[in-house]
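Text of final-v5.txt, listed as compact mmCIF, N, CA and C atoms:
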```txt
# COMPACT_ATOMS: atom_id res chain seq x y z
N MET G 1 4.11 13.95 -12.85
CA MET G 1 3.88 13.18 -14.05
C MET G 1 3.01 11.96 -13.77
N LEU G 2 3.22 11.37 -12.59
CA LEU G 2 2.35 10.25 -12.23
C LEU G 2 0.90 10.70 -12.15
N GLU G 3 0.67 11.88 -11.60
CA GLU G 3 -0.70 12.38 -11.50
C GLU G 3 -1.32 12.57 -12.89
N GLU G 4 -0.53 13.06 -13.82
CA GLU G 4 -1.01 13.20 -15.20
C GLU G 4 -1.33 11.85 -15.81
N LEU G 5 -0.46 10.87 -15.57
CA LEU G 5 -0.70 9.53 -16.11
C LEU G 5 -1.93 8.89 -15.46
N TRP G 6 -2.11 9.11 -14.14
CA TRP G 6 -3.30 8.59 -13.49
C TRP G 6 -4.55 9.24 -14.09
N ALA G 7 -4.48 10.53 -14.36
CA ALA G 7 -5.63 11.25 -14.92
C ALA G 7 -5.95 10.77 -16.33
N GLN G 8 -4.90 10.51 -17.13
CA GLN G 8 -5.10 10.12 -18.52
C GLN G 8 -5.24 8.60 -18.70
N GLY G 9 -4.78 7.84 -17.73
CA GLY G 9 -4.83 6.38 -17.85
C GLY G 9 -3.57 5.83 -18.48
N SER G 10 -3.22 6.35 -19.62
CA SER G 10 -1.96 6.02 -20.29
C SER G 10 -1.65 7.14 -21.26
N ALA G 11 -0.36 7.29 -21.58
CA ALA G 11 0.01 8.37 -22.49
C ALA G 11 1.43 8.17 -22.99
N THR G 12 1.71 8.78 -24.14
CA THR G 12 3.08 8.90 -24.63
C THR G 12 3.63 10.21 -24.06
N VAL G 13 4.92 10.41 -24.21
CA VAL G 13 5.53 11.66 -23.73
C VAL G 13 4.88 12.85 -24.45
N ARG G 14 4.68 12.71 -25.74
CA ARG G 14 4.08 13.81 -26.51
C ARG G 14 2.67 14.13 -26.00
N GLU G 15 1.89 13.10 -25.66
CA GLU G 15 0.55 13.32 -25.14
C GLU G 15 0.58 13.98 -23.76
N LEU G 16 1.56 13.63 -22.95
CA LEU G 16 1.70 14.26 -21.64
C LEU G 16 1.96 15.76 -21.77
N LEU G 17 2.70 16.13 -22.79
CA LEU G 17 3.05 17.54 -22.99
C LEU G 17 1.98 18.31 -23.78
N ALA G 18 1.09 17.61 -24.47
CA ALA G 18 0.15 18.26 -25.40
C ALA G 18 -0.81 19.23 -24.72
N ASP G 19 -1.28 18.92 -23.51
CA ASP G 19 -2.27 19.81 -22.88
C ASP G 19 -1.65 21.01 -22.19
N GLY G 20 -0.32 21.07 -22.11
CA GLY G 20 0.37 22.23 -21.55
C GLY G 20 0.46 22.25 -20.03
N LYS G 21 -0.06 21.23 -19.35
CA LYS G 21 0.02 21.21 -17.89
C LYS G 21 1.45 20.97 -17.41
N LEU G 22 2.19 20.18 -18.16
CA LEU G 22 3.60 19.96 -17.84
C LEU G 22 4.43 20.96 -18.63
N ARG G 23 5.33 21.64 -17.97
CA ARG G 23 6.11 22.69 -18.61
C ARG G 23 7.58 22.31 -18.79
N GLN G 24 7.89 21.03 -18.61
CA GLN G 24 9.26 20.59 -18.80
C GLN G 24 9.54 20.33 -20.28
N ALA G 25 10.81 20.25 -20.58
CA ALA G 25 11.23 19.93 -21.95
C ALA G 25 10.89 18.47 -22.25
N TYR G 26 10.70 18.18 -23.53
CA TYR G 26 10.38 16.82 -23.97
C TYR G 26 11.38 15.81 -23.43
N THR G 27 12.67 16.13 -23.53
CA THR G 27 13.69 15.17 -23.08
C THR G 27 13.65 14.96 -21.56
N THR G 28 13.28 15.99 -20.83
CA THR G 28 13.16 15.87 -19.37
C THR G 28 12.02 14.93 -19.01
N VAL G 29 10.87 15.10 -19.67
CA VAL G 29 9.72 14.22 -19.42
C VAL G 29 10.06 12.80 -19.84
N MET G 30 10.73 12.65 -20.99
CA MET G 30 11.10 11.33 -21.47
C MET G 30 12.04 10.63 -20.47
N THR G 31 13.01 11.34 -19.95
CA THR G 31 13.94 10.77 -18.97
C THR G 31 13.22 10.40 -17.69
N THR G 32 12.31 11.27 -17.26
CA THR G 32 11.59 11.02 -16.01
C THR G 32 10.70 9.79 -16.12
N VAL G 33 9.91 9.68 -17.19
CA VAL G 33 9.03 8.50 -17.31
C VAL G 33 9.85 7.23 -17.51
N ASP G 34 11.00 7.34 -18.17
CA ASP G 34 11.87 6.17 -18.30
C ASP G 34 12.39 5.72 -16.94
N ARG G 35 12.76 6.67 -16.10
CA ARG G 35 13.22 6.32 -14.74
C ARG G 35 12.09 5.72 -13.91
N LEU G 36 10.88 6.27 -14.04
CA LEU G 36 9.73 5.71 -13.33
C LEU G 36 9.44 4.29 -13.81
N TYR G 37 9.61 4.05 -15.11
CA TYR G 37 9.46 2.71 -15.66
C TYR G 37 10.51 1.76 -15.08
N LYS G 38 11.77 2.20 -15.04
CA LYS G 38 12.85 1.36 -14.52
C LYS G 38 12.70 1.08 -13.02
N LYS G 39 12.03 1.98 -12.30
CA LYS G 39 11.78 1.76 -10.87
C LYS G 39 10.55 0.89 -10.63
N GLY G 40 9.88 0.50 -11.71
CA GLY G 40 8.72 -0.38 -11.58
C GLY G 40 7.41 0.33 -11.32
N LEU G 41 7.37 1.64 -11.49
CA LEU G 41 6.14 2.38 -11.24
C LEU G 41 5.25 2.48 -12.48
N LEU G 42 5.85 2.29 -13.65
CA LEU G 42 5.10 2.37 -14.90
C LEU G 42 5.32 1.12 -15.74
N ASP G 43 4.32 0.79 -16.56
CA ASP G 43 4.48 -0.19 -17.62
C ASP G 43 4.60 0.59 -18.92
N ARG G 44 5.18 -0.03 -19.92
CA ARG G 44 5.23 0.65 -21.21
C ARG G 44 5.15 -0.37 -22.34
N VAL G 45 4.57 0.08 -23.43
CA VAL G 45 4.49 -0.73 -24.65
C VAL G 45 4.91 0.16 -25.81
N ALA G 46 5.59 -0.45 -26.76
CA ALA G 46 6.03 0.31 -27.94
C ALA G 46 4.80 0.69 -28.75
N GLU G 47 4.82 1.93 -29.22
CA GLU G 47 3.75 2.45 -30.06
C GLU G 47 4.41 3.28 -31.15
N GLY G 48 4.66 2.65 -32.27
CA GLY G 48 5.44 3.32 -33.32
C GLY G 48 6.86 3.52 -32.84
N ARG G 49 7.34 4.75 -32.92
CA ARG G 49 8.69 5.05 -32.45
C ARG G 49 8.72 5.54 -31.00
N ALA G 50 7.57 5.54 -30.36
CA ALA G 50 7.47 6.02 -28.98
C ALA G 50 7.00 4.89 -28.07
N PHE G 51 6.92 5.19 -26.81
CA PHE G 51 6.36 4.25 -25.83
C PHE G 51 5.10 4.86 -25.23
N ARG G 52 4.13 4.00 -24.96
CA ARG G 52 2.94 4.40 -24.23
C ARG G 52 3.14 3.91 -22.80
N TYR G 53 3.05 4.84 -21.85
CA TYR G 53 3.28 4.54 -20.43
C TYR G 53 1.94 4.45 -19.70
N THR G 54 1.87 3.47 -18.78
CA THR G 54 0.68 3.25 -17.97
C THR G 54 1.12 3.03 -16.52
N PRO G 55 0.49 3.68 -15.57
CA PRO G 55 0.85 3.44 -14.16
C PRO G 55 0.56 1.98 -13.76
N ARG G 56 1.48 1.39 -13.02
CA ARG G 56 1.28 0.02 -12.53
C ARG G 56 0.37 -0.03 -11.32
N HIS G 57 0.27 1.09 -10.60
CA HIS G 57 -0.49 1.13 -9.36
C HIS G 57 -1.47 2.29 -9.40
N THR G 58 -2.57 2.12 -8.70
CA THR G 58 -3.51 3.23 -8.53
C THR G 58 -2.88 4.23 -7.56
N PRO G 59 -3.42 5.44 -7.51
CA PRO G 59 -2.88 6.40 -6.53
C PRO G 59 -2.96 5.87 -5.10
N GLU G 60 -4.04 5.16 -4.78
CA GLU G 60 -4.21 4.62 -3.43
C GLU G 60 -3.15 3.56 -3.13
N GLU G 61 -2.90 2.67 -4.10
CA GLU G 61 -1.87 1.64 -3.91
C GLU G 61 -0.49 2.26 -3.76
N PHE G 62 -0.22 3.28 -4.56
CA PHE G 62 1.07 3.97 -4.49
C PHE G 62 1.24 4.64 -3.13
N GLN G 63 0.20 5.31 -2.65
CA GLN G 63 0.25 5.97 -1.35
C GLN G 63 0.46 4.95 -0.23
N ARG G 64 -0.24 3.83 -0.30
CA ARG G 64 -0.11 2.78 0.71
C ARG G 64 1.31 2.23 0.72
N ASP G 65 1.84 1.89 -0.45
CA ASP G 65 3.19 1.33 -0.54
C ASP G 65 4.24 2.31 -0.03
N THR G 66 4.08 3.58 -0.39
CA THR G 66 5.02 4.62 0.05
C THR G 66 4.97 4.77 1.57
N ALA G 67 3.77 4.78 2.14
CA ALA G 67 3.62 4.90 3.59
C ALA G 67 4.23 3.68 4.29
N LEU G 68 3.97 2.49 3.78
CA LEU G 68 4.53 1.28 4.39
C LEU G 68 6.05 1.29 4.36
N ASP G 69 6.62 1.70 3.23
CA ASP G 69 8.08 1.78 3.13
C ASP G 69 8.65 2.78 4.14
N SER G 70 7.99 3.92 4.28
CA SER G 70 8.46 4.94 5.22
C SER G 70 8.39 4.43 6.66
N ILE G 71 7.30 3.76 6.99
CA ILE G 71 7.15 3.24 8.35
C ILE G 71 8.18 2.15 8.62
N ARG G 72 8.41 1.28 7.64
CA ARG G 72 9.43 0.23 7.81
C ARG G 72 10.81 0.85 8.03
N GLN G 73 11.14 1.89 7.28
CA GLN G 73 12.42 2.57 7.47
C GLN G 73 12.50 3.18 8.86
N LEU G 74 11.43 3.80 9.30
CA LEU G 74 11.39 4.40 10.64
C LEU G 74 11.61 3.34 11.71
N LEU G 75 10.93 2.21 11.59
CA LEU G 75 11.04 1.16 12.60
C LEU G 75 12.42 0.53 12.63
N SER G 76 13.10 0.49 11.50
CA SER G 76 14.42 -0.12 11.47
C SER G 76 15.54 0.90 11.68
N SER G 77 15.19 2.14 11.94
CA SER G 77 16.19 3.21 12.02
C SER G 77 16.92 3.30 13.34
N GLY G 78 16.32 2.79 14.42
CA GLY G 78 16.95 2.98 15.72
C GLY G 78 17.19 1.68 16.45
N GLU G 79 18.01 1.78 17.48
CA GLU G 79 18.27 0.61 18.30
C GLU G 79 17.09 0.30 19.20
N ALA G 80 16.47 1.32 19.75
CA ALA G 80 15.33 1.12 20.64
C ALA G 80 14.07 1.09 19.78
N ASN G 81 13.50 -0.08 19.60
CA ASN G 81 12.34 -0.22 18.72
C ASN G 81 11.14 0.58 19.18
N ALA G 82 11.00 0.85 20.47
CA ALA G 82 9.85 1.60 20.96
C ALA G 82 9.91 3.07 20.56
N LEU G 83 11.10 3.60 20.37
CA LEU G 83 11.24 5.01 20.04
C LEU G 83 10.55 5.38 18.74
N PRO G 84 10.80 4.67 17.62
CA PRO G 84 10.08 5.03 16.39
C PRO G 84 8.57 4.89 16.53
N LEU G 85 8.09 3.92 17.29
CA LEU G 85 6.64 3.80 17.50
C LEU G 85 6.10 5.01 18.24
N SER G 86 6.88 5.53 19.18
CA SER G 86 6.42 6.73 19.89
C SER G 86 6.32 7.91 18.93
N TYR G 87 7.18 7.97 17.92
CA TYR G 87 7.09 9.03 16.91
C TYR G 87 5.77 8.91 16.15
N LEU G 88 5.41 7.68 15.80
CA LEU G 88 4.17 7.45 15.07
C LEU G 88 2.97 7.88 15.92
N VAL G 89 2.95 7.49 17.17
CA VAL G 89 1.86 7.85 18.06
C VAL G 89 1.79 9.37 18.23
N GLU G 90 2.95 10.01 18.37
CA GLU G 90 2.99 11.47 18.51
C GLU G 90 2.44 12.16 17.26
N ALA G 91 2.84 11.67 16.09
CA ALA G 91 2.35 12.26 14.84
C ALA G 91 0.84 12.07 14.70
N LEU G 92 0.35 10.90 15.06
CA LEU G 92 -1.09 10.66 14.99
C LEU G 92 -1.86 11.58 15.91
N SER G 93 -1.38 11.70 17.15
CA SER G 93 -2.12 12.52 18.12
C SER G 93 -2.05 14.01 17.75
N ALA G 94 -0.96 14.44 17.17
CA ALA G 94 -0.85 15.84 16.75
C ALA G 94 -1.78 16.12 15.57
N HIS G 95 -1.96 15.13 14.71
CA HIS G 95 -2.81 15.32 13.53
C HIS G 95 -4.29 15.23 13.90
N ASP G 96 -4.65 14.18 14.64
CA ASP G 96 -6.04 13.98 14.98
C ASP G 96 -6.11 12.90 16.07
N ALA G 97 -6.56 13.29 17.24
CA ALA G 97 -6.60 12.36 18.37
C ALA G 97 -7.48 11.14 18.09
N GLN G 98 -8.47 11.28 17.25
CA GLN G 98 -9.34 10.16 16.91
C GLN G 98 -8.55 9.06 16.17
N LEU G 99 -7.48 9.46 15.50
CA LEU G 99 -6.66 8.47 14.81
C LEU G 99 -6.03 7.48 15.79
N LEU G 100 -5.75 7.92 17.01
CA LEU G 100 -5.22 7.00 18.03
C LEU G 100 -6.23 5.90 18.34
N ASP G 101 -7.51 6.27 18.43
CA ASP G 101 -8.55 5.27 18.65
C ASP G 101 -8.62 4.30 17.47
N GLU G 102 -8.52 4.83 16.26
CA GLU G 102 -8.55 3.98 15.07
C GLU G 102 -7.34 3.05 15.05
N LEU G 103 -6.17 3.58 15.45
CA LEU G 103 -4.97 2.75 15.51
C LEU G 103 -5.16 1.62 16.52
N GLN G 104 -5.74 1.93 17.66
CA GLN G 104 -5.97 0.90 18.67
C GLN G 104 -6.90 -0.19 18.13
N LEU G 105 -7.95 0.20 17.43
CA LEU G 105 -8.86 -0.79 16.84
C LEU G 105 -8.15 -1.65 15.80
N LEU G 106 -7.30 -1.03 14.99
CA LEU G 106 -6.56 -1.79 13.99
C LEU G 106 -5.59 -2.78 14.63
N VAL G 107 -4.93 -2.35 15.70
CA VAL G 107 -3.99 -3.24 16.41
C VAL G 107 -4.75 -4.41 17.01
N GLU G 108 -5.89 -4.14 17.63
CA GLU G 108 -6.69 -5.22 18.22
C GLU G 108 -7.18 -6.19 17.15
N ARG G 109 -7.62 -5.67 16.01
CA ARG G 109 -8.08 -6.52 14.91
C ARG G 109 -6.94 -7.40 14.39
N LYS G 110 -5.76 -6.81 14.24
CA LYS G 110 -4.61 -7.58 13.75
C LYS G 110 -4.23 -8.66 14.74
N ARG G 111 -4.29 -8.36 16.04
CA ARG G 111 -3.97 -9.37 17.06
C ARG G 111 -4.96 -10.53 16.98
N ARG G 112 -6.25 -10.22 16.79
CA ARG G 112 -7.25 -11.29 16.65
C ARG G 112 -6.95 -12.15 15.43
N GLU G 113 -6.61 -11.51 14.31
CA GLU G 113 -6.29 -12.25 13.08
C GLU G 113 -5.10 -13.17 13.30
N LEU G 114 -4.08 -12.67 13.99
CA LEU G 114 -2.90 -13.49 14.24
C LEU G 114 -3.23 -14.67 15.16
N ARG G 115 -4.06 -14.42 16.19
CA ARG G 115 -4.47 -15.52 17.08
C ARG G 115 -5.27 -16.56 16.32
N GLU G 116 -6.20 -16.10 15.49
CA GLU G 116 -7.02 -17.03 14.71
C GLU G 116 -6.17 -17.84 13.74
N ALA G 117 -5.17 -17.20 13.14
CA ALA G 117 -4.28 -17.92 12.23
C ALA G 117 -3.48 -18.98 12.98
N LYS G 118 -3.03 -18.64 14.19
CA LYS G 118 -2.30 -19.62 15.00
C LYS G 118 -3.21 -20.79 15.36
N ASN G 119 -4.44 -20.48 15.76
CA ASN G 119 -5.39 -21.54 16.09
C ASN G 119 -5.67 -22.44 14.89
N LYS G 120 -5.84 -21.83 13.75
CA LYS G 120 -6.12 -22.57 12.52
C LYS G 120 -4.96 -23.49 12.16
N ASN G 121 -3.74 -23.06 12.43
CA ASN G 121 -2.55 -23.85 12.12
C ASN G 121 -2.21 -24.84 13.23
N GLY G 122 -3.02 -24.87 14.29
CA GLY G 122 -2.81 -25.84 15.34
C GLY G 122 -1.80 -25.44 16.38
N TYR G 123 -1.53 -24.15 16.52
CA TYR G 123 -0.57 -23.69 17.53
C TYR G 123 -1.29 -23.14 18.74
N ASN G 124 -0.71 -23.33 19.90
CA ASN G 124 -1.20 -22.75 21.13
C ASN G 124 -1.08 -21.23 21.01
N THR G 125 -2.04 -20.48 21.53
CA THR G 125 -2.02 -19.03 21.39
C THR G 125 -1.37 -18.33 22.56
N GLU G 126 -0.82 -19.06 23.53
CA GLU G 126 -0.15 -18.41 24.64
C GLU G 126 1.09 -17.70 24.13
N PRO G 127 1.40 -16.52 24.68
CA PRO G 127 2.55 -15.75 24.18
C PRO G 127 3.85 -16.54 24.26
N ASP G 128 4.68 -16.38 23.24
CA ASP G 128 6.02 -16.96 23.17
C ASP G 128 6.04 -18.48 23.24
N ARG G 129 4.94 -19.14 22.96
CA ARG G 129 4.93 -20.60 22.95
C ARG G 129 4.47 -21.06 21.59
N LYS G 130 5.28 -21.86 20.96
CA LYS G 130 4.93 -22.40 19.65
C LYS G 130 4.88 -23.91 19.75
N VAL G 131 4.14 -24.37 20.71
CA VAL G 131 4.01 -25.80 20.93
C VAL G 131 2.74 -26.26 20.26
N LYS G 132 2.83 -27.26 19.44
CA LYS G 132 1.65 -27.80 18.79
C LYS G 132 0.66 -28.28 19.85
N ILE G 133 -0.59 -27.98 19.65
CA ILE G 133 -1.61 -28.37 20.60
C ILE G 133 -1.65 -29.89 20.75
N GLU G 134 -1.48 -30.62 19.63
CA GLU G 134 -1.49 -32.07 19.68
C GLU G 134 -0.35 -32.60 20.55
N GLU G 135 0.79 -31.91 20.55
CA GLU G 135 1.94 -32.36 21.31
C GLU G 135 1.73 -32.18 22.80
N GLN G 136 0.82 -31.30 23.20
CA GLN G 136 0.55 -31.06 24.62
C GLN G 136 -0.26 -32.19 25.23
N ARG G 137 -0.99 -32.90 24.42
CA ARG G 137 -1.89 -33.96 24.93
C ARG G 137 -1.16 -35.21 25.28
```
Mind converting the file's structure to structure tokens?
Amino acid sequence: MLEELWAQGSATVRELLADGKLRQAYTTVMTTVDRLYKKGLLDRVAEGRAFRYTPRHTPEEFQRDTALDSIRQLLSSGEANALPLSYLVEALSAHDAQLLDELQLLVERKRRELREAKNKNGYNTEPDRKVKIEEQR
């Protein structure tokens, strides 16, 4: 249903069912879009006796948020924090070895951003030290 709403931009339940791509009953579609609205995935505005539903996120934003949530769950799932990361690396290498190189570049870029942010805020960039540079002098 989200794909249909992304394709149409916005729609009422009746409009979602009009082209025949969805084969569920009207009440099933109505319940589903209401649940998606309550979960924060859709916006809605009253239109006569019905509601017009609009996706809150683009497909790309939805995919990104879903992936981030899954990765966060994976990282918090075990006692040994390195184990879930090894799963991620294994999945990347099984899918496409070039993704490992891209991951390494992303990690390096993020480390640079974090160092620059620390420098900008006046913190020493040595690991595990949060001593103000001014305080060192």
Next on the checklist: If we count all atoms listed in the file and set the cut-off at 7 Å, which residues sit around Thr54 in chain G, ignoring sequence neighbours fewer than 2 positions away in its own chain? Please answer as a PyMOL selection string.
Outcome noted: chain G and resi 5+9-11+41-45+52+56-57
Checklist entry - Could you write out, as a ChimeraX atom specification, all the residues of range 4-36 of chain G that DSSP marks as alpha helix (DSSP H)? => result /G:4-8,13-18,26-36
Checklist entry - Between G:Arg49, G:Glu15, G:Arg72, G:Pro55, which has the minimum distance to Glu3 in chain G (counting only C-alpha atoms)? => result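 Using only C-alpha atoms, Glu3 in chain G sits closest to G:Pro55.
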Report, as lines of an AutoDock Vina configuration file, the axis-aligned box around all atoms of range 36-54 of chain G present in the file, extended by 8 Å on each side; give centre and edge lengths in Å to one decimal place.
```
center_x = 6.8
center_y = 2.8
center_z = -22.0
size_x = 28.2
size_y = 23.0
size_z = 38.7
```
Next on the checklist: With only C-alpha atoms as the counted atoms, please give the residues lying no more than 12 Å from Pro84 in chain G, apart from itself and same-chain residues fewer than 5 positions off, as a list in words.
Outcome noted: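 My list of contacting residues is Ser70, Ile71, Arg72, Gln73, Leu74, Leu75, Ser76, Ser77, Gly78, Glu79, Val89, Glu90 and Ala91 of chain G.
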Item to check | Every residue of range 22-117 of chain G that DSSP places in strand (DSSP E or B), as number ranges by chain | outcome: G: 42-47, 50-55
Item to check | Distance of CA of Phe51 in chain G from CA of Gln24 in chain G, expressed in Å to one decimal place | outcome: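 About the pair CA of Gln24 in chain G and CA of Phe51 in chain G: they are 18.0 Å apart.
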Next on the checklist: For a test of reading the model, state the distance in Å between CA of Thr32 in chain G and atom C of Ala50 in chain G, rounded to one decimal.
Outcome noted: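 These two atoms are separated by 14.3 Å.
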Item to check | Counting only N, CA and C atoms, the residue of G:Trp6, G:Gln104, G:Arg111, G:Met1 that sits nearest Pro59 in chain G | outcome: G:Trp6
